[in-house]
Amino acid sequence: MVDGPTIGVLTMSVGCDYFGSILGGIARTTAAAGGRMIAIQTLGAGTFDFDPPEPPDFPHPVAWDHVSAFVVILNSASRGYLTTIQRTGKPVIMISDEMAGFSCPVVLPDNRGGVREAVLHLVEHGHREIAFAGYLELRDLRERYEAYRDALLECGLTPRAELHFDTGDNRESGGERAGRAMLAAGLPCTAVVAGNDLNAIGLLRTFLAAGVDVPRQQAVVGFDDMEGVVYFTPSLSTVRQSFEDLGRIAAELALSAANGAEIEARTYSVPTSFQARESCGCADPLAPGALTAGPDADTSTADDLVARLVAALPGQVDPRRRASIARAGVLVADALAAAADGAPGPDLLDLRQALIGLHTLSQRHPEGMVRMLDCVRGYGLGLARRTGQHDRAAAERIRTGTEEIVVALAQSRSRAHKIEENEFQTTLKMLYTVSKNLLRSHEKDPRGLAWIQDTNARGGCLGLWSSGGPTGAEPTLDLVTMFERDRGPVPMPVGPVSPRSFPPAELVDLADLDADQMVYVAPLCIGASDWGMLAVVGPIEAEVASGREMMNQWAALLTIALDHDAVLKSLREQEDLLRHAALYDPLTGLANRTLFLDRLEAAVTAQARHPERHYSVLLLDLDGFKLVNDSLGHLAGDRLLVQVAERIRASAREADVAARFGGDEFAVLLGHRSGGEDPVAVAERIRGALGVPFRLGEEEFVVSASIGISRSSTGYQHAEDVIRDADTAMYSAKWQRKGSHAVFDIAMHERVVGRLRTEAELRRALETGGFELRYQPIVRLHDGRTRAFEALVRWRHPVRGLVLPGEFLPIAEESGLMPPIGRWALTEACRQLATWRASGSAPDGLRMSVNVSNRQFWHTRLLEDIEESLRAAGLDPAALIIEITEGVIVHDVPAARTKLAALHELGVQLHIDDFGTGYSSLQALHHLTIDAFKIDRSFVAPLATDGKSRELVRSIVSMGLNLGLELVAEGIETTAQRDQLRRYGCQHGQGYLFAGPVTGVEAEAILRDGAPVALPRLAARAVR
């Protein structure tokens, strides 16, 4: 029954000979007091072979509610952490490390005594140049180095700084590094004391590989007496410290403190001793010594034999081990007594198992086994000598029995190795099985801890950090699973718990040191991953060099499995996101073209099987979206598209498929409608929904949509054909009137093909110089003198001849060709004016007026293009007039104001063309930097017959004059119109009364004559 204190052990590792032996010493001492032990690893899972100079960052108060006193191995926790423990009233005992500013009992190996013995021994061998190789960042190593220096001074030798070689760590690699440095320095010493055995092993390996004769040319001494170094060739001379005694004494102090005793905060030393072996020049310690018949070798009683067997082992032997030795000693004595009597002895199997037990107890100290052999042989030979004085036959039987027992004891090593090999194979199989189970987390959730069934652990508990992770003032753990090997999942506390109460009491109660069971807690932390804590109850295995390394591996594998599971979950989420992204528009959430075509293909297939299941496709293209997008920015454009998508979705049925194809193009698949609703009605509903102004910030915008409709009655076989025809209908609607809809028919296809052919020919004309300019004079109405020319674009078609602008400019604007055409017109107009000036035809102050289209104004480097054209022609900016319509600026007056101000600052004049036909407000125009209004021809034509038109024109002229603007009337064809305008105060005019658009040569003739003359009117004179 467990009724004693619970000792918590803070340790950076639970593997290797050092930590395993210390844990074993603590466990056995705690078990004898009826207590429990909880080992808490403070480094991340899977960490090994690592010597941090500073304590690890471990902030969690794990198991504090269960622990009565803490033992800290090395610098496994920070001063702040340990101070907080003490403030809770719990005692703290440290092993092998002292911490500045922290007061507590400290159990330390006597580093000085063992090192002093080693140095004195080397001096006795005749060495005078003795080096030291070690990692002085750690307190133990600094103390050993100081002891080495003091011992040299004691022997009359002066320590030399150049004979200290820094290993950089406590591993074999550090010893190899120091060995290479010593060889590079010409091997300036004949002996070296290493800071620990691993460094010494690295030194040995480096020297032997370089052909150095150890020990004749270079003696090597280590520190720790690790298991196995006695079997090296040469066997390693070393300072022995009892790791188990470190744990035992620390546990005794902790138990006393937990029971209320006052423990003095001082150093408690554990003796160390030098073990001379071959690497310092001494004999092989495993060779049996010569026995004598003297009193020291003679052992007369079974109790004497047991006492000598106990004394053969170094350090203090606990009662459990003493009992094993006593059993073996009694069986040996009984067997030899039976041999003397010629009677049957103890059961041979019992004797063999007892001898194997002796080997197991001494496996960490092989010299102890040699001494045990000597003890058994000495006892048997002494008994034979005494018996031979009166019964020679009995004496011979004793000698024979003695040799058989000695041979059996020697053979026990092989038997023990076989047992260890089997245990190793079992452990390896266990690790493989657990690794396989944990790394197949995609098949079975590792959080269930079912993999514990394949281990020697009694049970386990998994706690994962609650939402928010291990950060924050008081992080908590969610208890995910508690699992017992024999029962499976078991009930556990519900809800998040503090690390103080982890592991839960139900798991801690499973641990019983008498039954070789302890609690092990490891953080599920590797690198940036930190999942929580794993607690396992399992055997201590302190006799195995790997200690609790197996449990450390489980924690590491579980951490990796949780990482893997998280990655898989993330990949599945990303897969869902990618699948959604592949089928849906990320901006609007509508279906994309791929999903739309898939659904449309299904509708086409279904209609082929069931002709009565009709469908239709609506293809929408927003009118004026590019202006909004470019004037307000892409973010505003995106917000507009989202609102458009919402209105389209709301206008369709849930069974219909609304999609965004990209840019400002949308589509709707209308499935079979039992009610017989016509797709045209749906198109009208969508147009009506889009006709409501959209609010973007503080501004409202009206955006229309041109809609093309294709019906299944056409008899389609492929989805792409349905889309093609709806696209054709949509462009047909856009060309007829933006914001309208059209249903596809065959004739429409021909019109679209013709329009596309025109677009291709326009592109070719732009490349081959197929455009020309015509110039229409702008005259002063009071004297008829020409003050400017308006440059008008014409297309010289190779077959159709001269094409008027009304036939190609809308197509050029829609297809994006207007910016390059406008740029060419601007350059050519400036060049022509410069030519007239150079020939002397142009009067002073003659200007050239050039129209700028919507796309050219918003979509190009207009300011830079104007500057380059003026620079190329050598013209002053005042010679150029830029004409823009109200419709260009009304979409974004603030942005237009900025751009117009920049143009005006350049020095060009700005005229509002077709004034009165747009939607601009007077307030907006009042704040624009413009120089003139051009009164549209639609107001000028009815002046003679329509009184309202006369009043409107008079008002426009009056308003312009009040604003300080010039007025230019367009489309003047009669003297009556001219005279009426002149009476209103309009200063300038243009029209066929003066001259139509003419070539550059004809315009030059007008300039030479001083005033334009009427030219033959063209049939389509209304088209500029």
# chains A, B, ... in the order shown; residues from 1 in each chain; ligands from 1
>>> select_by_dssp(residues="stretch 613-852 of chain A", states="alpha helix (DSSP H)", output="NGL selection string")
:A and (625-632 or 634-651 or 679-691 or 719-736 or 746-768 or 809-814 or 818-839)
>>> residues_around(residues="stretch 613-619 of chain A", least_positions_apart="5", cutoff="10 Å", atoms="only C-alpha atoms", output="PDB file with N, CA, C and O atoms, in the first residue's frame")
ATOM      1  N   LEU A 600     -24.168  23.388 -66.894  1.00  0.00           N
ATOM      2  CA  LEU A 600     -24.788  23.595 -68.193  1.00  0.00           C
ATOM      3  C   LEU A 600     -24.690  22.337 -69.054  1.00  0.00           C
ATOM      4  O   LEU A 600     -25.641  21.964 -69.759  1.00  0.00           O
ATOM      5  N   ALA A 603     -27.315  20.082 -68.019  1.00  0.00           N
ATOM      6  CA  ALA A 603     -28.620  20.498 -68.534  1.00  0.00           C
ATOM      7  C   ALA A 603     -28.780  20.135 -70.006  1.00  0.00           C
ATOM      8  O   ALA A 603     -29.853  19.700 -70.444  1.00  0.00           O
ATOM      9  N   VAL A 604     -27.710  20.299 -70.784  1.00  0.00           N
ATOM     10  CA  VAL A 604     -27.747  19.933 -72.207  1.00  0.00           C
ATOM     11  C   VAL A 604     -27.991  18.435 -72.359  1.00  0.00           C
ATOM     12  O   VAL A 604     -28.815  17.992 -73.178  1.00  0.00           O
ATOM     13  N   ALA A 606     -29.355  16.388 -70.110  1.00  0.00           N
ATOM     14  CA  ALA A 606     -30.700  16.059 -69.637  1.00  0.00           C
ATOM     15  C   ALA A 606     -31.750  16.414 -70.680  1.00  0.00           C
ATOM     16  O   ALA A 606     -32.731  15.678 -70.892  1.00  0.00           O
ATOM     17  N   GLN A 607     -31.571  17.537 -71.373  1.00  0.00           N
ATOM     18  CA  GLN A 607     -32.548  17.950 -72.378  1.00  0.00           C
ATOM     19  C   GLN A 607     -32.535  17.044 -73.597  1.00  0.00           C
ATOM     20  O   GLN A 607     -33.555  16.839 -74.254  1.00  0.00           O
ATOM     21  N   ALA A 608     -31.332  16.452 -73.872  1.00  0.00           N
ATOM     22  CA  ALA A 608     -31.247  15.508 -74.978  1.00  0.00           C
ATOM     23  C   ALA A 608     -32.057  14.251 -74.685  1.00  0.00           C
ATOM     24  O   ALA A 608     -32.660  13.655 -75.588  1.00  0.00           O
ATOM     25  N   ASP A 656     -31.588  27.851 -59.868  1.00  0.00           N
ATOM     26  CA  ASP A 656     -30.793  28.380 -60.973  1.00  0.00           C
ATOM     27  C   ASP A 656     -29.336  28.524 -60.552  1.00  0.00           C
ATOM     28  O   ASP A 656     -29.018  28.569 -59.349  1.00  0.00           O
ATOM     29  N   VAL A 657     -28.453  28.603 -61.520  1.00  0.00           N
ATOM     30  CA  VAL A 657     -27.030  28.720 -61.250  1.00  0.00           C
ATOM     31  C   VAL A 657     -26.557  30.101 -61.700  1.00  0.00           C
ATOM     32  O   VAL A 657     -26.553  30.389 -62.905  1.00  0.00           O
ATOM     33  N   ALA A 658     -26.191  30.933 -60.736  1.00  0.00           N
ATOM     34  CA  ALA A 658     -25.614  32.239 -61.044  1.00  0.00           C
ATOM     35  C   ALA A 658     -24.102  32.132 -60.957  1.00  0.00           C
ATOM     36  O   ALA A 658     -23.563  31.495 -60.046  1.00  0.00           O
ATOM     37  N   ALA A 659     -23.416  32.734 -61.907  1.00  0.00           N
ATOM     38  CA  ALA A 659     -21.959  32.584 -61.962  1.00  0.00           C
ATOM     39  C   ALA A 659     -21.321  33.895 -62.378  1.00  0.00           C
ATOM     40  O   ALA A 659     -21.952  34.753 -63.011  1.00  0.00           O
ATOM     41  N   ARG A 660     -20.070  34.032 -61.981  1.00  0.00           N
ATOM     42  CA  ARG A 660     -19.245  35.133 -62.480  1.00  0.00           C
ATOM     43  C   ARG A 660     -18.135  34.518 -63.315  1.00  0.00           C
ATOM     44  O   ARG A 660     -17.371  33.683 -62.836  1.00  0.00           O
ATOM     45  N   PHE A 661     -18.061  34.953 -64.573  1.00  0.00           N
ATOM     46  CA  PHE A 661     -17.056  34.407 -65.480  1.00  0.00           C
ATOM     47  C   PHE A 661     -15.719  35.111 -65.337  1.00  0.00           C
ATOM     48  O   PHE A 661     -14.696  34.612 -65.784  1.00  0.00           O
ATOM     49  N   GLU A 665     -18.302  40.187 -66.114  1.00  0.00           N
ATOM     50  CA  GLU A 665     -19.164  39.311 -66.896  1.00  0.00           C
ATOM     51  C   GLU A 665     -19.789  38.256 -65.983  1.00  0.00           C
ATOM     52  O   GLU A 665     -19.086  37.544 -65.257  1.00  0.00           O
ATOM     53  N   PHE A 666     -21.110  38.164 -66.032  1.00  0.00           N
ATOM     54  CA  PHE A 666     -21.863  37.216 -65.209  1.00  0.00           C
ATOM     55  C   PHE A 666     -22.723  36.348 -66.115  1.00  0.00           C
ATOM     56  O   PHE A 666     -22.969  36.688 -67.286  1.00  0.00           O
ATOM     57  N   ALA A 667     -23.181  35.218 -65.550  1.00  0.00           N
ATOM     58  CA  ALA A 667     -24.058  34.325 -66.301  1.00  0.00           C
ATOM     59  C   ALA A 667     -25.055  33.701 -65.347  1.00  0.00           C
ATOM     60  O   ALA A 667     -24.786  33.534 -64.152  1.00  0.00           O
ATOM     61  N   VAL A 668     -26.234  33.367 -65.877  1.00  0.00           N
ATOM     62  CA  VAL A 668     -27.268  32.687 -65.097  1.00  0.00           C
ATOM     63  C   VAL A 668     -27.812  31.544 -65.943  1.00  0.00           C
ATOM     64  O   VAL A 668     -28.201  31.753 -67.100  1.00  0.00           O
ATOM     65  N   LEU A 669     -27.788  30.335 -65.351  1.00  0.00           N
ATOM     66  CA  LEU A 669     -28.396  29.171 -66.000  1.00  0.00           C
ATOM     67  C   LEU A 669     -29.788  28.991 -65.414  1.00  0.00           C
ATOM     68  O   LEU A 669     -29.936  28.731 -64.219  1.00  0.00           O
ATOM     69  N   LEU A 670     -30.778  29.158 -66.258  1.00  0.00           N
ATOM     70  CA  LEU A 670     -32.162  28.992 -65.827  1.00  0.00           C
ATOM     71  C   LEU A 670     -32.588  27.566 -66.150  1.00  0.00           C
ATOM     72  O   LEU A 670     -32.636  27.171 -67.316  1.00  0.00           O
ATOM     73  N   GLY A 671     -32.869  26.789 -65.117  1.00  0.00           N
ATOM     74  CA  GLY A 671     -33.297  25.419 -65.331  1.00  0.00           C
ATOM     75  C   GLY A 671     -34.743  25.352 -65.793  1.00  0.00           C
ATOM     76  O   GLY A 671     -35.407  26.363 -66.032  1.00  0.00           O
ATOM     77  N   HIS A 672     -35.230  24.115 -65.924  1.00  0.00           N
ATOM     78  CA  HIS A 672     -36.598  23.909 -66.378  1.00  0.00           C
ATOM     79  C   HIS A 672     -37.572  24.577 -65.408  1.00  0.00           C
ATOM     80  O   HIS A 672     -37.495  24.389 -64.201  1.00  0.00           O
ATOM     81  N   ARG A 673     -38.478  25.375 -65.952  1.00  0.00           N
ATOM     82  CA  ARG A 673     -39.409  26.128 -65.121  1.00  0.00           C
ATOM     83  C   ARG A 673     -40.827  25.628 -65.408  1.00  0.00           C
ATOM     84  O   ARG A 673     -41.380  25.850 -66.489  1.00  0.00           O
ATOM     85  N   SER A 674     -41.360  24.943 -64.401  1.00  0.00           N
ATOM     86  CA  SER A 674     -42.699  24.370 -64.580  1.00  0.00           C
ATOM     87  C   SER A 674     -43.747  25.451 -64.772  1.00  0.00           C
ATOM     88  O   SER A 674     -44.766  25.262 -65.430  1.00  0.00           O
ATOM     89  N   GLY A 676     -43.404  28.067 -66.465  1.00  0.00           N
ATOM     90  CA  GLY A 676     -43.291  28.613 -67.801  1.00  0.00           C
ATOM     91  C   GLY A 676     -42.803  30.043 -67.853  1.00  0.00           C
ATOM     92  O   GLY A 676     -43.053  30.753 -68.822  1.00  0.00           O
ATOM     93  N   ASP A 678     -40.742  33.108 -68.745  1.00  0.00           N
ATOM     94  CA  ASP A 678     -39.865  33.326 -69.882  1.00  0.00           C
ATOM     95  C   ASP A 678     -38.538  33.898 -69.414  1.00  0.00           C
ATOM     96  O   ASP A 678     -38.500  34.728 -68.496  1.00  0.00           O
ATOM     97  N   PRO A 679     -37.417  33.469 -70.024  1.00  0.00           N
ATOM     98  CA  PRO A 679     -36.113  34.020 -69.624  1.00  0.00           C
ATOM     99  C   PRO A 679     -36.016  35.524 -69.833  1.00  0.00           C
ATOM    100  O   PRO A 679     -35.253  36.199 -69.153  1.00  0.00           O
ATOM    101  N   VAL A 680     -36.802  36.051 -70.781  1.00  0.00           N
ATOM    102  CA  VAL A 680     -36.784  37.496 -71.000  1.00  0.00           C
ATOM    103  C   VAL A 680     -37.298  38.214 -69.744  1.00  0.00           C
ATOM    104  O   VAL A 680     -36.786  39.265 -69.355  1.00  0.00           O
ATOM    105  N   VAL A 682     -36.983  37.142 -66.705  1.00  0.00           N
ATOM    106  CA  VAL A 682     -35.902  37.091 -65.718  1.00  0.00           C
ATOM    107  C   VAL A 682     -34.863  38.164 -66.034  1.00  0.00           C
ATOM    108  O   VAL A 682     -34.353  38.848 -65.131  1.00  0.00           O
ATOM    109  N   ALA A 683     -34.541  38.307 -67.321  1.00  0.00           N
ATOM    110  CA  ALA A 683     -33.580  39.338 -67.721  1.00  0.00           C
ATOM    111  C   ALA A 683     -34.076  40.721 -67.329  1.00  0.00           C
ATOM    112  O   ALA A 683     -33.302  41.565 -66.842  1.00  0.00           O
ATOM    113  N   ALA A 705     -26.639  46.709 -67.330  1.00  0.00           N
ATOM    114  CA  ALA A 705     -26.060  45.466 -67.839  1.00  0.00           C
ATOM    115  C   ALA A 705     -26.682  45.142 -69.178  1.00  0.00           C
ATOM    116  O   ALA A 705     -27.903  45.238 -69.355  1.00  0.00           O
ATOM    117  N   SER A 706     -25.851  44.781 -70.123  1.00  0.00           N
ATOM    118  CA  SER A 706     -26.327  44.256 -71.406  1.00  0.00           C
ATOM    119  C   SER A 706     -26.418  42.745 -71.259  1.00  0.00           C
ATOM    120  O   SER A 706     -25.464  42.099 -70.812  1.00  0.00           O
ATOM    121  N   ILE A 707     -27.569  42.178 -71.646  1.00  0.00           N
ATOM    122  CA  ILE A 707     -27.834  40.763 -71.389  1.00  0.00           C
ATOM    123  C   ILE A 707     -28.106  40.047 -72.706  1.00  0.00           C
ATOM    124  O   ILE A 707     -28.945  40.490 -73.506  1.00  0.00           O
ATOM    125  N   GLY A 708     -27.390  38.943 -72.889  1.00  0.00           N
ATOM    126  CA  GLY A 708     -27.644  38.075 -74.040  1.00  0.00           C
ATOM    127  C   GLY A 708     -28.289  36.791 -73.577  1.00  0.00           C
ATOM    128  O   GLY A 708     -27.914  36.232 -72.546  1.00  0.00           O
ATOM    129  N   ILE A 709     -29.291  36.312 -74.356  1.00  0.00           N
ATOM    130  CA  ILE A 709     -30.061  35.139 -73.960  1.00  0.00           C
ATOM    131  C   ILE A 709     -29.963  34.081 -75.057  1.00  0.00           C
ATOM    132  O   ILE A 709     -30.156  34.382 -76.239  1.00  0.00           O
ATOM    133  N   SER A 710     -29.652  32.868 -74.634  1.00  0.00           N
ATOM    134  CA  SER A 710     -29.714  31.725 -75.559  1.00  0.00           C
ATOM    135  C   SER A 710     -30.642  30.689 -74.954  1.00  0.00           C
ATOM    136  O   SER A 710     -30.632  30.452 -73.745  1.00  0.00           O
ATOM    137  N   ARG A 711     -31.469  30.051 -75.827  1.00  0.00           N
ATOM    138  CA  ARG A 711     -32.476  29.100 -75.361  1.00  0.00           C
ATOM    139  C   ARG A 711     -32.131  27.684 -75.824  1.00  0.00           C
ATOM    140  O   ARG A 711     -31.512  27.505 -76.873  1.00  0.00           O
ATOM    141  N   SER A 712     -32.597  26.713 -75.056  1.00  0.00           N
ATOM    142  CA  SER A 712     -32.341  25.317 -75.420  1.00  0.00           C
ATOM    143  C   SER A 712     -33.102  24.904 -76.659  1.00  0.00           C
ATOM    144  O   SER A 712     -32.758  23.893 -77.295  1.00  0.00           O
ATOM    145  N   SER A 713     -34.099  25.658 -77.045  1.00  0.00           N
ATOM    146  CA  SER A 713     -34.877  25.314 -78.237  1.00  0.00           C
ATOM    147  C   SER A 713     -34.033  25.359 -79.498  1.00  0.00           C
ATOM    148  O   SER A 713     -34.429  24.814 -80.529  1.00  0.00           O
ATOM    149  N   VAL A 722     -23.761  26.978 -76.266  1.00  0.00           N
ATOM    150  CA  VAL A 722     -24.787  27.786 -75.603  1.00  0.00           C
ATOM    151  C   VAL A 722     -24.179  29.107 -75.139  1.00  0.00           C
ATOM    152  O   VAL A 722     -24.769  30.183 -75.324  1.00  0.00           O
ATOM    153  N   ILE A 723     -22.992  29.021 -74.532  1.00  0.00           N
ATOM    154  CA  ILE A 723     -22.298  30.225 -74.059  1.00  0.00           C
ATOM    155  C   ILE A 723     -21.947  31.133 -75.228  1.00  0.00           C
ATOM    156  O   ILE A 723     -22.111  32.366 -75.165  1.00  0.00           O
ATOM    157  N   ARG A 724     -21.480  30.539 -76.321  1.00  0.00           N
ATOM    158  CA  ARG A 724     -21.086  31.345 -77.498  1.00  0.00           C
ATOM    159  C   ARG A 724     -22.251  32.160 -78.018  1.00  0.00           C
ATOM    160  O   ARG A 724     -22.126  33.364 -78.271  1.00  0.00           O
ATOM    161  N   ASP A 725     -23.408  31.530 -78.121  1.00  0.00           N
ATOM    162  CA  ASP A 725     -24.555  32.243 -78.680  1.00  0.00           C
ATOM    163  C   ASP A 725     -25.099  33.286 -77.706  1.00  0.00           C
ATOM    164  O   ASP A 725     -25.546  34.361 -78.128  1.00  0.00           O
ATOM    165  N   ALA A 726     -25.057  32.987 -76.406  1.00  0.00           N
ATOM    166  CA  ALA A 726     -25.476  33.996 -75.427  1.00  0.00           C
ATOM    167  C   ALA A 726     -24.529  35.179 -75.454  1.00  0.00           C
ATOM    168  O   ALA A 726     -24.959  36.343 -75.308  1.00  0.00           O
ATOM    169  N   ASP A 727     -23.258  34.916 -75.667  1.00  0.00           N
ATOM    170  CA  ASP A 727     -22.265  35.992 -75.776  1.00  0.00           C
ATOM    171  C   ASP A 727     -22.535  36.840 -77.011  1.00  0.00           C
ATOM    172  O   ASP A 727     -22.447  38.075 -76.972  1.00  0.00           O
ATOM    173  N   THR A 728     -22.879  36.174 -78.099  1.00  0.00           N
ATOM    174  CA  THR A 728     -23.210  36.898 -79.330  1.00  0.00           C
ATOM    175  C   THR A 728     -24.416  37.802 -79.105  1.00  0.00           C
ATOM    176  O   THR A 728     -24.423  38.980 -79.499  1.00  0.00           O
ATOM    177  N   ALA A 729     -25.438  37.264 -78.437  1.00  0.00           N
ATOM    178  CA  ALA A 729     -26.636  38.068 -78.162  1.00  0.00           C
ATOM    179  C   ALA A 729     -26.324  39.226 -77.238  1.00  0.00           C
ATOM    180  O   ALA A 729     -26.867  40.330 -77.394  1.00  0.00           O
ATOM    181  N   MET A 730     -25.437  38.997 -76.283  1.00  0.00           N
ATOM    182  CA  MET A 730     -25.094  40.060 -75.345  1.00  0.00           C
ATOM    183  C   MET A 730     -24.395  41.218 -76.063  1.00  0.00           C
ATOM    184  O   MET A 730     -24.719  42.391 -75.838  1.00  0.00           O
ATOM    185  N   TYR A 731     -23.453  40.918 -76.948  1.00  0.00           N
ATOM    186  CA  TYR A 731     -22.775  41.986 -77.673  1.00  0.00           C
ATOM    187  C   TYR A 731     -23.715  42.686 -78.639  1.00  0.00           C
ATOM    188  O   TYR A 731     -23.620  43.892 -78.869  1.00  0.00           O
ATOM    189  N   HIS A 741     -31.381  43.988 -73.558  1.00  0.00           N
ATOM    190  CA  HIS A 741     -31.171  42.554 -73.699  1.00  0.00           C
ATOM    191  C   HIS A 741     -31.537  42.130 -75.112  1.00  0.00           C
ATOM    192  O   HIS A 741     -32.264  42.833 -75.818  1.00  0.00           O
ATOM    193  N   ALA A 742     -31.025  40.973 -75.490  1.00  0.00           N
ATOM    194  CA  ALA A 742     -31.333  40.435 -76.816  1.00  0.00           C
ATOM    195  C   ALA A 742     -31.331  38.926 -76.740  1.00  0.00           C
ATOM    196  O   ALA A 742     -30.540  38.328 -75.999  1.00  0.00           O
ATOM    197  N   VAL A 743     -32.227  38.311 -77.515  1.00  0.00           N
ATOM    198  CA  VAL A 743     -32.310  36.854 -77.599  1.00  0.00           C
ATOM    199  C   VAL A 743     -31.618  36.419 -78.884  1.00  0.00           C
ATOM    200  O   VAL A 743     -31.824  37.005 -79.951  1.00  0.00           O
TER     201      VAL A 743
END
>>> atom_distance(atom1="atom CA of A:Ser651", atom2="atom CA of A:Leu577")
27.1 Å
>>> residues_around(residues="A:Val221", least_positions_apart="6", cutoff="9 Å", atoms="only C-alpha atoms", output="JSON list (two decimals) with N, CA, C and O atoms, in the first residue's frame")
[["chain", "number", "residue", "atom", "x", "y", "z"],
["A", 118, "ALA", "N", 43.22, 11.05, -9.29],
["A", 118, "ALA", "CA", 43.65, 10.75, -10.66],
["A", 118, "ALA", "C", 44.96, 11.46, -10.99],
["A", 118, "ALA", "O", 45.88, 10.87, -11.57],
["A", 191, "ALA", "N", 49.80, 13.13, -20.67],
["A", 191, "ALA", "CA", 48.58, 12.61, -20.06],
["A", 191, "ALA", "C", 47.52, 13.70, -20.11],
["A", 191, "ALA", "O", 47.83, 14.89, -20.13],
["A", 192, "VAL", "N", 46.25, 13.28, -20.12],
["A", 192, "VAL", "CA", 45.15, 14.23, -20.15],
["A", 192, "VAL", "C", 44.03, 13.71, -19.26],
["A", 192, "VAL", "O", 43.70, 12.53, -19.27],
["A", 193, "VAL", "N", 43.47, 14.63, -18.46],
["A", 193, "VAL", "CA", 42.30, 14.34, -17.64],
["A", 193, "VAL", "C", 41.09, 14.94, -18.37],
["A", 193, "VAL", "O", 41.07, 16.15, -18.62],
["A", 194, "ALA", "N", 40.11, 14.11, -18.70],
["A", 194, "ALA", "CA", 38.92, 14.58, -19.41],
["A", 194, "ALA", "C", 37.83, 14.93, -18.40],
["A", 194, "ALA", "O", 37.75, 14.33, -17.32],
["A", 195, "GLY", "N", 36.96, 15.89, -18.79],
["A", 195, "GLY", "CA", 35.90, 16.33, -17.90],
["A", 195, "GLY", "C", 34.88, 15.26, -17.62],
["A", 195, "GLY", "O", 34.26, 15.25, -16.56],
["A", 196, "ASN", "N", 34.66, 14.35, -18.57],
["A", 196, "ASN", "CA", 33.76, 13.22, -18.33],
["A", 196, "ASN", "C", 34.16, 12.07, -19.25],
["A", 196, "ASN", "O", 35.06, 12.21, -20.10],
["A", 197, "ASP", "N", 33.50, 10.95, -19.10],
["A", 197, "ASP", "CA", 33.88, 9.76, -19.86],
["A", 197, "ASP", "C", 33.62, 9.91, -21.35],
["A", 197, "ASP", "O", 34.40, 9.42, -22.18],
["A", 200, "ALA", "N", 36.40, 11.64, -22.78],
["A", 200, "ALA", "CA", 37.57, 10.75, -22.77],
["A", 200, "ALA", "C", 37.49, 9.73, -23.90],
["A", 200, "ALA", "O", 38.50, 9.41, -24.53],
["A", 236, "LEU", "N", 39.26, 2.09, -19.91],
["A", 236, "LEU", "CA", 39.40, 3.49, -19.56],
["A", 236, "LEU", "C", 39.56, 3.69, -18.05],
["A", 236, "LEU", "O", 38.70, 3.30, -17.27],
["A", 237, "SER", "N", 40.66, 4.31, -17.67],
["A", 237, "SER", "CA", 40.83, 4.76, -16.29],
["A", 237, "SER", "C", 39.91, 5.95, -16.07],
["A", 237, "SER", "O", 39.82, 6.86, -16.91],
["A", 238, "THR", "N", 39.23, 5.99, -14.92],
["A", 238, "THR", "CA", 38.22, 7.03, -14.73],
["A", 238, "THR", "C", 37.95, 7.25, -13.26],
["A", 238, "THR", "O", 38.32, 6.42, -12.41],
["A", 239, "VAL", "N", 37.30, 8.38, -12.97],
["A", 239, "VAL", "CA", 36.86, 8.67, -11.61],
["A", 239, "VAL", "C", 35.43, 8.17, -11.48],
["A", 239, "VAL", "O", 34.57, 8.55, -12.27],
["A", 276, "ALA", "N", 41.83, 2.84, -11.44],
["A", 276, "ALA", "CA", 43.00, 2.70, -12.31],
["A", 276, "ALA", "C", 42.80, 1.53, -13.26],
["A", 276, "ALA", "O", 42.50, 0.41, -12.83],
["A", 279, "SER", "N", 44.21, 2.56, -19.53],
["A", 279, "SER", "CA", 44.49, 3.79, -20.27],
["A", 279, "SER", "C", 45.43, 4.72, -19.51],
["A", 279, "SER", "O", 45.93, 5.69, -20.07],
["A", 280, "CYS", "N", 45.71, 4.44, -18.20],
["A", 280, "CYS", "CA", 46.69, 5.24, -17.48],
["A", 280, "CYS", "C", 47.99, 4.45, -17.28],
["A", 280, "CYS", "O", 48.92, 4.94, -16.64]]
>>> residues_around(residues="A:Phe808", least_positions_apart="5", cutoff="10 Å", atoms="only C-alpha atoms", output="PyMOL selection string")
chain A and resi 755+758-759+762+794-795+803+813
>>> select_by_dssp(residues="stretch 213-354 of chain A", states="strand (DSSP E or B)", output="ChimeraX atom specification")
/A:219-224,237-241,267-270,272-275
>>> residues_around(residues="stretch 225-235 of chain A", least_positions_apart="5", cutoff="6 Å", atoms="only C-alpha atoms", output="list in words")
Arg240, Arg277, Glu278, Ser279 and Arg364 of chain A
>>> residues_around(residues="A:Gly538", least_positions_apart="5", cutoff="8 Å", atoms="only C-alpha atoms", output="ChimeraX atom specification")
/A:456-459,511,516-520
